[in-house]
Structure formats: structure tokens, C-alpha cells
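Chemist: Here it is, the structure, as C-alpha cells.
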Amino acid sequence: MRGVKIKTILVLVLIASILFSQNPEWINFTYGNDVYAVAFEGNYVWVGTSGGLVKFNKETGAMIFYNRSNSGIPGNLVRAIAIDRQGNKWIGTGFGGVAKFDGVRWIVYNVLNSGLPDDKVYSIVIDEQGNKWIGTHHGGLAKFDGIRWEIYNTSNSGLPNNEVRSIAIDGQGNKWVGTWGGGLAKFDGTKWIIYNTANSGLVSNYIRSIAIDRQGNIWIGALAE
């Protein structure tokens with residue numbers, strides 16, 4: 001499955017109230033940057049683009065743009081967004097590390113001031129305990145509980161590749177980690193199980209995205225090889 005690069009579409013929304021109709025309504029919201037991440041918070045949609053972070057009000061259509069020139073965001077390439085239970089936005093950037101944004105203040109975590117192993121961040125998910133799981137370009141997988149950092153890489157764990165493009169958490173709390181070249185890893189907090197083209201039906205070892213449906217099925221988007 002080849003990834004699709006969207007040049008001009010900010011958000012393409014399928015209206016939830018008519019998901020089951022024969023002719024669902026689609027609405028386009030356009031902005032001139034590539035879109036990498038979308039997160040929802042009440043009436044707001046947070047969108048990560050190659051030009052910064054966008055806060056979009058679904059009711060009014062108003063947009064607020066955050067970039068390096070007008071905010072504390074550490075990079076304009078926003079690849080990941082996750083929102084915790086306190087409403088903090090965790091923003092993963094292409095070159096500036098991770099930023100925590102509470103709506104007013106920005107706190108930046110990078111390789112110089114924290115335990116983050118790489119400033120190029122691809123993915124962020126938050127588990128039931130509030131831990132942030134962060135996938136990086138060459139630094140492996142990082143777990144951050146707000147104080148302590150724990151790093152998983154090919155040297156100290158069963159992670160099959162240090163480039164982590166995607167992460168998802170299932171109903172049992174297992175972390176499903178998509179790597180770029182090493183296939184898919186399942187981590188229960190202790191044991192690692194690796195799925196790749198040699199030992200499973202996985203069609204590619206280059207994993208771009210992972211989603212888990214209500215039945216617990218793992219849906220995997222991969223690079224065609």
C-alpha cells in the first residue's frame with residue numbers, strides 16, 4: 001500500500017451523523033501545506049502540517065496557526081499530535097523534538113534538555129496511565145511518564161529497528177510498533193513479538209501506519225516492496 005501525500009487538503013471530514021447513509025457528505029477544508037497528523041478535542045480539530053500546527057473550530061470555521069515565528073513550537077514540520085486527559089497537546093516535530101502545549105505555555109523536550117533520544121519524531125500515543133510513547137527517526141521508542149524517560153532500541157530491547165514510524169495501543173494495553181525496515185513489533189511491557197515478511201503474512205517490513213478496530217483487528221499500512 002503506497003502512502004498518499006496530500007498537498008492542499010487540510011482536513012477531509014466525513015460527517016459522523018450520516019456515516020451510514022447511502023450518500024454521505026464530505027467537506028473539504030483547504031490550506032496550502034502537507035498534512036501529517038490530525039487530533040480531535042471537542043469542537044476543535046488540531047492539524048499537523050509541514051507549515052506548523054493548526055487549531056480549527058468545527059462550528060465557526062475559525063483557524064489559529066502556530067509556527068516558529070508566532071509561538072513556542074520548536075519546529076514547523078508537525079508529524080504527530082496526541083492530547084492527554086488534562087487537555088495538553090503533545091506535538092511531535094520533524095526536527096525540533098516534542099512540545100507540550102497547554103493552550104498558553106509551551107514546554108519543549110529535545111535531545112539537549114531531556115531523555116528524548118532523537119529530535120525527529122514520527123509518532124506519539126498516550127496510554128491509560130498517561131505515559132507518552134514516542135516513535136523517533138533513529139532513536140527507537142521512548143516512554144515518558146512526565147518525569148522519567150525510558151528508551152527502547154535495538155541494543156537494549158526486542159525492538160527490530162530504531163526507526164519507529166507508527167504506534168497503536170490495543171484494549172489490553174499492548175503497544176503495536178511499526179518500524180521502517182524491521183516490520184511490526186508487539187510489546188506487552190515485558191515481551192516483544194516480531195512480525196515480518198519472513199515469519200508472518202505481513203506484506204512489507206516498512207510500516208507507515210497502524211490502526212486497531214473495535215474487534216481488536218490490527219490494520220497496517222505499509223510500503224509496497
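Chain lettering (A, B, ...) mirrors the order of the C-alpha cells, residue numbering begins at 1 for each chain separately, and ligand numbering begins at 1 in order of display.
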So which bits of chain A end up strand (DSSP E or B) when you DSSP the backbone, as a short mmCIF file (atom, residue, chain, number, x, y, z; two decimals) with N, CA, C and O atoms, in the first residue's frame?
Modeler:
data_model
loop_
_atom_site.label_atom_id
_atom_site.label_comp_id
_atom_site.auth_asym_id
_atom_site.auth_seq_id
_atom_site.Cartn_x
_atom_site.Cartn_y
_atom_site.Cartn_z
N ILE A 9 -5.15 19.54 0.95
CA ILE A 9 -6.30 19.30 1.80
C ILE A 9 -5.88 19.36 3.25
O ILE A 9 -5.01 18.61 3.69
N LEU A 10 -6.50 20.25 4.00
CA LEU A 10 -6.21 20.35 5.43
C LEU A 10 -6.88 19.21 6.16
O LEU A 10 -6.27 18.43 6.84
N VAL A 11 -8.18 19.10 6.03
CA VAL A 11 -8.92 18.03 6.66
C VAL A 11 -10.03 17.62 5.71
O VAL A 11 -10.71 18.48 5.15
N LEU A 12 -10.23 16.33 5.53
CA LEU A 12 -11.35 15.83 4.75
C LEU A 12 -12.23 15.08 5.73
O LEU A 12 -11.87 14.04 6.24
N VAL A 13 -13.39 15.63 6.04
CA VAL A 13 -14.22 15.14 7.12
C VAL A 13 -15.46 14.45 6.57
O VAL A 13 -16.17 15.03 5.74
N LEU A 14 -15.72 13.24 7.02
CA LEU A 14 -16.96 12.55 6.73
C LEU A 14 -17.89 12.79 7.91
O LEU A 14 -17.60 12.41 9.03
N TRP A 26 -19.23 14.93 2.30
CA TRP A 26 -17.82 15.21 2.53
C TRP A 26 -17.61 16.71 2.47
O TRP A 26 -18.16 17.39 1.63
N ILE A 27 -16.78 17.21 3.38
CA ILE A 27 -16.48 18.64 3.41
C ILE A 27 -14.97 18.81 3.34
O ILE A 27 -14.23 18.15 4.08
N ASN A 28 -14.51 19.67 2.47
CA ASN A 28 -13.07 19.95 2.35
C ASN A 28 -12.72 21.24 3.08
O ASN A 28 -13.42 22.24 2.97
N PHE A 29 -11.62 21.21 3.82
CA PHE A 29 -11.06 22.41 4.41
C PHE A 29 -9.65 22.52 3.86
O PHE A 29 -8.84 21.63 4.08
N THR A 30 -9.36 23.56 3.15
CA THR A 30 -8.10 23.63 2.43
C THR A 30 -7.11 24.59 3.07
O THR A 30 -7.47 25.60 3.65
N VAL A 35 -0.36 17.58 5.04
CA VAL A 35 -0.97 17.22 6.32
C VAL A 35 -0.40 15.89 6.79
O VAL A 35 -0.41 14.90 6.06
N TYR A 36 0.09 15.85 8.04
CA TYR A 36 0.70 14.65 8.59
C TYR A 36 -0.05 14.08 9.79
O TYR A 36 0.08 12.89 10.07
N ALA A 37 -0.81 14.90 10.51
CA ALA A 37 -1.44 14.41 11.73
C ALA A 37 -2.73 15.18 12.00
O ALA A 37 -2.83 16.37 11.67
N VAL A 38 -3.71 14.48 12.59
CA VAL A 38 -4.99 15.09 12.96
C VAL A 38 -5.38 14.56 14.33
O VAL A 38 -5.28 13.36 14.58
N ALA A 39 -5.85 15.44 15.21
CA ALA A 39 -6.36 15.03 16.52
C ALA A 39 -7.60 15.85 16.84
O ALA A 39 -7.72 17.01 16.42
N PHE A 40 -8.53 15.25 17.60
CA PHE A 40 -9.80 15.89 17.90
C PHE A 40 -9.91 16.21 19.38
O PHE A 40 -9.51 15.42 20.23
N GLU A 41 -10.47 17.39 19.67
CA GLU A 41 -10.67 17.84 21.05
C GLU A 41 -11.95 18.65 21.10
O GLU A 41 -11.96 19.84 20.82
N TYR A 44 -12.88 21.23 18.45
CA TYR A 44 -11.66 21.63 17.74
C TYR A 44 -10.99 20.44 17.06
O TYR A 44 -11.04 19.31 17.55
N VAL A 45 -10.36 20.76 15.94
CA VAL A 45 -9.51 19.80 15.25
C VAL A 45 -8.11 20.39 15.23
O VAL A 45 -7.91 21.53 14.80
N TRP A 46 -7.15 19.62 15.70
CA TRP A 46 -5.75 20.02 15.68
C TRP A 46 -5.07 19.31 14.52
O TRP A 46 -5.17 18.08 14.40
N VAL A 47 -4.41 20.07 13.67
CA VAL A 47 -3.86 19.51 12.44
C VAL A 47 -2.36 19.82 12.36
O VAL A 47 -1.95 20.98 12.50
N GLY A 48 -1.57 18.78 12.14
CA GLY A 48 -0.13 18.96 11.96
C GLY A 48 0.22 19.03 10.49
O GLY A 48 -0.14 18.13 9.72
N THR A 49 0.89 20.08 10.09
CA THR A 49 1.23 20.29 8.69
C THR A 49 2.73 20.54 8.54
O THR A 49 3.45 20.67 9.53
N GLY A 52 3.41 24.08 10.16
CA GLY A 52 3.09 24.37 11.54
C GLY A 52 1.86 23.63 12.02
O GLY A 52 1.38 22.68 11.39
N LEU A 53 1.31 24.09 13.14
CA LEU A 53 0.15 23.48 13.78
C LEU A 53 -1.07 24.37 13.55
O LEU A 53 -0.99 25.60 13.67
N VAL A 54 -2.21 23.75 13.25
CA VAL A 54 -3.45 24.49 13.01
C VAL A 54 -4.50 24.03 14.01
O VAL A 54 -4.71 22.84 14.19
N LYS A 55 -5.17 25.00 14.65
CA LYS A 55 -6.33 24.73 15.51
C LYS A 55 -7.57 25.20 14.76
O LYS A 55 -7.72 26.39 14.46
N PHE A 56 -8.46 24.27 14.45
CA PHE A 56 -9.62 24.57 13.63
C PHE A 56 -10.90 24.37 14.44
O PHE A 56 -11.10 23.33 15.07
N ASN A 57 -11.76 25.38 14.46
CA ASN A 57 -13.04 25.31 15.15
C ASN A 57 -14.09 24.78 14.18
O ASN A 57 -14.41 25.43 13.18
N MET A 63 -9.69 29.51 12.32
CA MET A 63 -8.43 28.80 12.42
C MET A 63 -7.39 29.64 13.15
O MET A 63 -7.33 30.86 12.97
N ILE A 64 -6.59 28.98 13.95
CA ILE A 64 -5.44 29.60 14.59
C ILE A 64 -4.21 28.83 14.14
O ILE A 64 -4.19 27.59 14.20
N PHE A 65 -3.19 29.54 13.69
CA PHE A 65 -1.98 28.92 13.17
C PHE A 65 -0.83 29.15 14.14
O PHE A 65 -0.59 30.27 14.59
N TYR A 66 -0.12 28.09 14.45
CA TYR A 66 1.04 28.16 15.32
C TYR A 66 2.27 27.72 14.53
O TYR A 66 2.29 26.63 13.94
N VAL A 78 5.13 19.36 11.63
CA VAL A 78 4.44 18.66 12.71
C VAL A 78 3.96 17.31 12.20
O VAL A 78 3.06 17.22 11.37
N ARG A 79 4.56 16.24 12.72
CA ARG A 79 4.25 14.90 12.25
C ARG A 79 3.32 14.12 13.18
O ARG A 79 2.72 13.12 12.77
N ALA A 80 3.20 14.55 14.43
CA ALA A 80 2.40 13.78 15.39
C ALA A 80 1.72 14.71 16.37
O ALA A 80 2.29 15.73 16.78
N ILE A 81 0.48 14.35 16.75
CA ILE A 81 -0.27 15.09 17.76
C ILE A 81 -1.00 14.09 18.64
O ILE A 81 -1.65 13.17 18.14
N ALA A 82 -0.89 14.25 19.95
CA ALA A 82 -1.68 13.46 20.90
C ALA A 82 -2.16 14.40 22.00
O ALA A 82 -1.45 15.34 22.37
N ILE A 83 -3.35 14.14 22.51
CA ILE A 83 -3.94 15.01 23.54
C ILE A 83 -4.20 14.17 24.78
O ILE A 83 -4.86 13.13 24.71
N LYS A 89 -1.66 19.30 24.66
CA LYS A 89 -1.32 18.80 23.33
C LYS A 89 0.15 18.43 23.30
O LYS A 89 1.00 19.24 23.65
N TRP A 90 0.43 17.21 22.86
CA TRP A 90 1.81 16.75 22.71
C TRP A 90 2.11 16.71 21.23
O TRP A 90 1.47 15.99 20.46
N ILE A 91 3.06 17.54 20.83
CA ILE A 91 3.33 17.80 19.42
C ILE A 91 4.70 17.24 19.06
O ILE A 91 5.73 17.64 19.62
N GLY A 92 4.73 16.32 18.11
CA GLY A 92 5.99 15.76 17.62
C GLY A 92 6.41 16.46 16.34
O GLY A 92 5.64 16.51 15.38
N THR A 93 7.59 17.01 16.32
CA THR A 93 8.05 17.77 15.16
C THR A 93 9.14 17.01 14.39
O THR A 93 9.76 16.08 14.91
N VAL A 98 9.86 17.27 20.84
CA VAL A 98 8.46 17.21 21.27
C VAL A 98 8.12 18.45 22.07
O VAL A 98 8.91 18.91 22.88
N ALA A 99 6.92 18.98 21.82
CA ALA A 99 6.43 20.12 22.59
C ALA A 99 5.15 19.75 23.32
O ALA A 99 4.28 19.08 22.75
N LYS A 100 5.02 20.19 24.56
CA LYS A 100 3.79 20.09 25.33
C LYS A 100 3.15 21.47 25.35
O LYS A 100 3.77 22.45 25.75
N PHE A 101 1.89 21.55 24.91
CA PHE A 101 1.20 22.84 24.81
C PHE A 101 -0.11 22.77 25.57
O PHE A 101 -0.98 21.95 25.25
N TRP A 106 4.27 26.68 26.31
CA TRP A 106 4.94 25.61 25.57
C TRP A 106 6.11 25.10 26.38
O TRP A 106 6.90 25.88 26.92
N ILE A 107 6.23 23.78 26.49
CA ILE A 107 7.40 23.16 27.09
C ILE A 107 8.01 22.24 26.04
O ILE A 107 7.31 21.39 25.47
N VAL A 108 9.28 22.42 25.76
CA VAL A 108 9.94 21.68 24.68
C VAL A 108 10.89 20.65 25.28
O VAL A 108 11.69 20.94 26.18
N TYR A 109 10.81 19.44 24.75
CA TYR A 109 11.71 18.34 25.12
C TYR A 109 12.52 17.97 23.88
O TYR A 109 11.96 17.64 22.83
N VAL A 121 10.70 13.27 15.28
CA VAL A 121 9.64 12.46 15.88
C VAL A 121 8.58 12.15 14.84
O VAL A 121 8.10 13.04 14.13
N TYR A 122 8.19 10.86 14.76
CA TYR A 122 7.18 10.42 13.81
C TYR A 122 5.81 10.18 14.43
O TYR A 122 4.79 10.35 13.78
N SER A 123 5.78 9.73 15.67
CA SER A 123 4.50 9.30 16.25
C SER A 123 4.49 9.49 17.75
O SER A 123 5.53 9.39 18.42
N ILE A 124 3.29 9.76 18.28
CA ILE A 124 3.07 9.86 19.73
C ILE A 124 1.71 9.25 20.05
O ILE A 124 0.71 9.58 19.41
N VAL A 125 1.66 8.35 21.04
CA VAL A 125 0.39 7.88 21.59
C VAL A 125 0.49 7.95 23.11
O VAL A 125 1.59 7.96 23.68
N ILE A 126 -0.67 8.00 23.77
CA ILE A 126 -0.73 8.11 25.22
C ILE A 126 -1.52 6.93 25.77
O ILE A 126 -2.64 6.67 25.31
N LYS A 132 3.51 8.80 27.71
CA LYS A 132 3.65 9.14 26.31
C LYS A 132 4.64 8.17 25.66
O LYS A 132 5.75 8.02 26.13
N TRP A 133 4.20 7.54 24.56
CA TRP A 133 5.06 6.65 23.78
C TRP A 133 5.40 7.37 22.50
O TRP A 133 4.50 7.77 21.74
N ILE A 134 6.69 7.55 22.26
CA ILE A 134 7.16 8.43 21.19
C ILE A 134 8.05 7.64 20.24
O ILE A 134 9.05 7.05 20.66
N GLY A 135 7.68 7.64 18.98
CA GLY A 135 8.48 6.98 17.96
C GLY A 135 9.39 7.96 17.26
O GLY A 135 8.94 9.02 16.81
N THR A 136 10.66 7.64 17.15
CA THR A 136 11.64 8.57 16.59
C THR A 136 12.29 8.01 15.33
O THR A 136 12.11 6.84 14.98
N LEU A 141 12.19 3.81 20.38
CA LEU A 141 10.92 4.12 21.04
C LEU A 141 11.19 4.69 22.43
O LEU A 141 11.95 4.11 23.20
N ALA A 142 10.55 5.82 22.74
CA ALA A 142 10.73 6.45 24.05
C ALA A 142 9.41 6.42 24.83
O ALA A 142 8.35 6.67 24.27
N LYS A 143 9.51 6.12 26.11
CA LYS A 143 8.36 6.19 27.03
C LYS A 143 8.64 7.31 28.02
O LYS A 143 9.69 7.34 28.66
N PHE A 144 7.68 8.24 28.16
CA PHE A 144 7.86 9.38 29.06
C PHE A 144 6.65 9.49 29.97
O PHE A 144 5.52 9.64 29.51
N TRP A 149 12.29 9.15 31.60
CA TRP A 149 12.34 8.64 30.24
C TRP A 149 12.87 7.22 30.25
O TRP A 149 13.82 6.90 30.95
N GLU A 150 12.24 6.36 29.45
CA GLU A 150 12.72 5.01 29.25
C GLU A 150 12.82 4.77 27.75
O GLU A 150 11.86 5.00 27.01
N ILE A 151 13.99 4.33 27.30
CA ILE A 151 14.25 4.19 25.87
C ILE A 151 14.36 2.71 25.50
O ILE A 151 15.06 1.94 26.17
N TYR A 152 13.69 2.36 24.42
CA TYR A 152 13.77 1.02 23.86
C TYR A 152 14.38 1.12 22.47
O TYR A 152 13.87 1.83 21.60
N VAL A 164 11.00 4.26 14.19
CA VAL A 164 9.63 3.92 14.56
C VAL A 164 8.69 4.93 13.91
O VAL A 164 8.66 6.10 14.31
N ARG A 165 7.92 4.47 12.93
CA ARG A 165 7.04 5.37 12.19
C ARG A 165 5.63 5.46 12.79
O ARG A 165 4.96 6.47 12.62
N SER A 166 5.17 4.42 13.47
CA SER A 166 3.79 4.42 13.96
C SER A 166 3.67 3.57 15.21
O SER A 166 4.43 2.63 15.42
N ILE A 167 2.69 3.94 16.06
CA ILE A 167 2.43 3.21 17.30
C ILE A 167 0.92 3.19 17.52
O ILE A 167 0.23 4.19 17.29
N ALA A 168 0.39 2.07 18.00
CA ALA A 168 -1.00 1.97 18.41
C ALA A 168 -1.08 1.12 19.66
O ALA A 168 -0.21 0.26 19.90
N ILE A 169 -2.10 1.34 20.48
CA ILE A 169 -2.28 0.60 21.73
C ILE A 169 -3.62 -0.11 21.68
O ILE A 169 -4.65 0.51 21.42
N LYS A 175 1.44 -2.47 23.07
CA LYS A 175 1.88 -1.47 22.11
C LYS A 175 2.25 -2.17 20.82
O LYS A 175 3.05 -3.11 20.81
N TRP A 176 1.66 -1.72 19.74
CA TRP A 176 1.98 -2.22 18.41
C TRP A 176 2.83 -1.17 17.74
O TRP A 176 2.41 -0.02 17.56
N VAL A 177 4.05 -1.55 17.39
CA VAL A 177 5.07 -0.59 16.96
C VAL A 177 5.45 -0.90 15.51
O VAL A 177 5.93 -1.99 15.21
N GLY A 178 5.22 0.06 14.64
CA GLY A 178 5.58 -0.11 13.24
C GLY A 178 6.93 0.50 12.96
O GLY A 178 7.14 1.70 13.19
N THR A 179 7.85 -0.31 12.47
CA THR A 179 9.19 0.19 12.20
C THR A 179 9.43 0.28 10.69
O THR A 179 8.71 -0.31 9.89
N TRP A 180 10.44 1.02 10.33
CA TRP A 180 10.79 1.23 8.92
C TRP A 180 11.93 0.30 8.54
O TRP A 180 13.09 0.64 8.64
N LEU A 184 6.76 -5.26 12.16
CA LEU A 184 5.83 -4.87 13.23
C LEU A 184 6.23 -5.56 14.53
O LEU A 184 6.56 -6.76 14.53
N ALA A 185 6.19 -4.81 15.64
CA ALA A 185 6.51 -5.39 16.95
C ALA A 185 5.32 -5.20 17.90
O ALA A 185 4.70 -4.15 17.93
N LYS A 186 5.03 -6.25 18.65
CA LYS A 186 4.03 -6.18 19.72
C LYS A 186 4.77 -6.22 21.06
O LYS A 186 5.57 -7.13 21.32
N PHE A 187 4.49 -5.24 21.92
CA PHE A 187 5.21 -5.13 23.20
C PHE A 187 4.18 -5.04 24.32
O PHE A 187 3.36 -4.13 24.36
N TRP A 192 8.55 -8.97 23.71
CA TRP A 192 8.41 -8.47 22.35
C TRP A 192 8.09 -9.63 21.42
O TRP A 192 8.72 -10.69 21.50
N ILE A 193 7.10 -9.44 20.54
CA ILE A 193 6.82 -10.39 19.47
C ILE A 193 6.97 -9.65 18.16
O ILE A 193 6.38 -8.58 17.97
N ILE A 194 7.76 -10.20 17.25
CA ILE A 194 8.06 -9.52 15.99
C ILE A 194 7.34 -10.22 14.84
O ILE A 194 7.37 -11.45 14.72
N TYR A 195 6.70 -9.42 14.01
CA TYR A 195 6.07 -9.91 12.79
C TYR A 195 6.77 -9.25 11.60
O TYR A 195 6.87 -8.02 11.54
N TYR A 206 8.23 -2.35 5.97
CA TYR A 206 8.26 -0.90 6.11
C TYR A 206 6.85 -0.41 6.44
O TYR A 206 6.00 -0.30 5.58
N ILE A 207 6.63 -0.14 7.72
CA ILE A 207 5.29 0.14 8.23
C ILE A 207 5.10 1.65 8.38
O ILE A 207 5.85 2.32 9.08
N ARG A 208 4.05 2.17 7.73
CA ARG A 208 3.75 3.60 7.81
C ARG A 208 2.71 3.92 8.89
O ARG A 208 2.80 4.95 9.55
N SER A 209 1.69 3.08 9.03
CA SER A 209 0.59 3.41 9.92
C SER A 209 -0.06 2.16 10.48
O SER A 209 -0.01 1.09 9.86
N ILE A 210 -0.67 2.31 11.67
CA ILE A 210 -1.34 1.21 12.34
C ILE A 210 -2.64 1.75 12.94
O ILE A 210 -2.65 2.83 13.55
N ALA A 211 -3.72 0.98 12.81
CA ALA A 211 -4.98 1.30 13.46
C ALA A 211 -5.60 0.02 13.99
O ALA A 211 -5.39 -1.06 13.43
N ILE A 212 -6.36 0.14 15.08
CA ILE A 212 -6.99 -1.01 15.70
C ILE A 212 -8.49 -0.76 15.77
O ILE A 212 -8.93 0.26 16.31
N ILE A 218 -5.89 -5.61 13.82
CA ILE A 218 -4.81 -4.67 13.58
C ILE A 218 -4.76 -4.38 12.09
O ILE A 218 -4.59 -5.29 11.27
N TRP A 219 -4.93 -3.12 11.73
CA TRP A 219 -4.87 -2.70 10.33
C TRP A 219 -3.54 -1.98 10.13
O TRP A 219 -3.19 -1.06 10.86
N ILE A 220 -2.81 -2.41 9.11
CA ILE A 220 -1.43 -1.96 8.91
C ILE A 220 -1.27 -1.36 7.52
O ILE A 220 -1.60 -2.00 6.52
N GLY A 221 -0.78 -0.15 7.48
CA GLY A 221 -0.43 0.49 6.21
C GLY A 221 1.07 0.38 5.99
O GLY A 221 1.86 0.77 6.86
N ALA A 222 1.46 -0.19 4.86
CA ALA A 222 2.89 -0.47 4.63
C ALA A 222 3.32 -0.01 3.26
O ALA A 222 2.51 0.18 2.35
#
Chemist: Which residue, A:Asn70, A:Lys120, A:Asn131, A:Gly201, has the smallest gap to Arg85 (chain A) when you use only C-alpha atoms?
Modeler: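 Looking at the shortest contact to Arg85 (chain A), the residue is A:Asn131.
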Chemist: Do a neighbour search on Gly96 (chain A) at 7 Å with only C-alpha atoms, toss out local chain neighbours closer than 6 positions, and write the hits as a list in words.
Modeler: Pro74, Gly75, Asn110, Asp119 and Lys120 of chain A
Chemist: Please report the interatomic distance between CA of Arg68 (chain A) and CA of Asp34 (chain A) in Å with one decimal.
Modeler: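 Going from CA of Arg68 (chain A) over to CA of Asp34 (chain A), I get 16.9 Å.
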Chemist: Could you check how far CA of Gly140 (chain A) sits from CA of Gly158 (chain A), in Å to one decimal?
Modeler: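 Interatomic distance, CA of Gly140 (chain A) to CA of Gly158 (chain A): 10.9 Å.
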Chemist: So, counting only C-alpha atoms, which residue among A:Ile73, A:Asp118, A:Gly171, A:Glu59 is closest to Arg105 (chain A)?
Modeler: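 Of A:Ile73, A:Asp118, A:Gly171, A:Glu59, the one nearest Arg105 (chain A), counting only C-alpha atoms, is A:Ile73.
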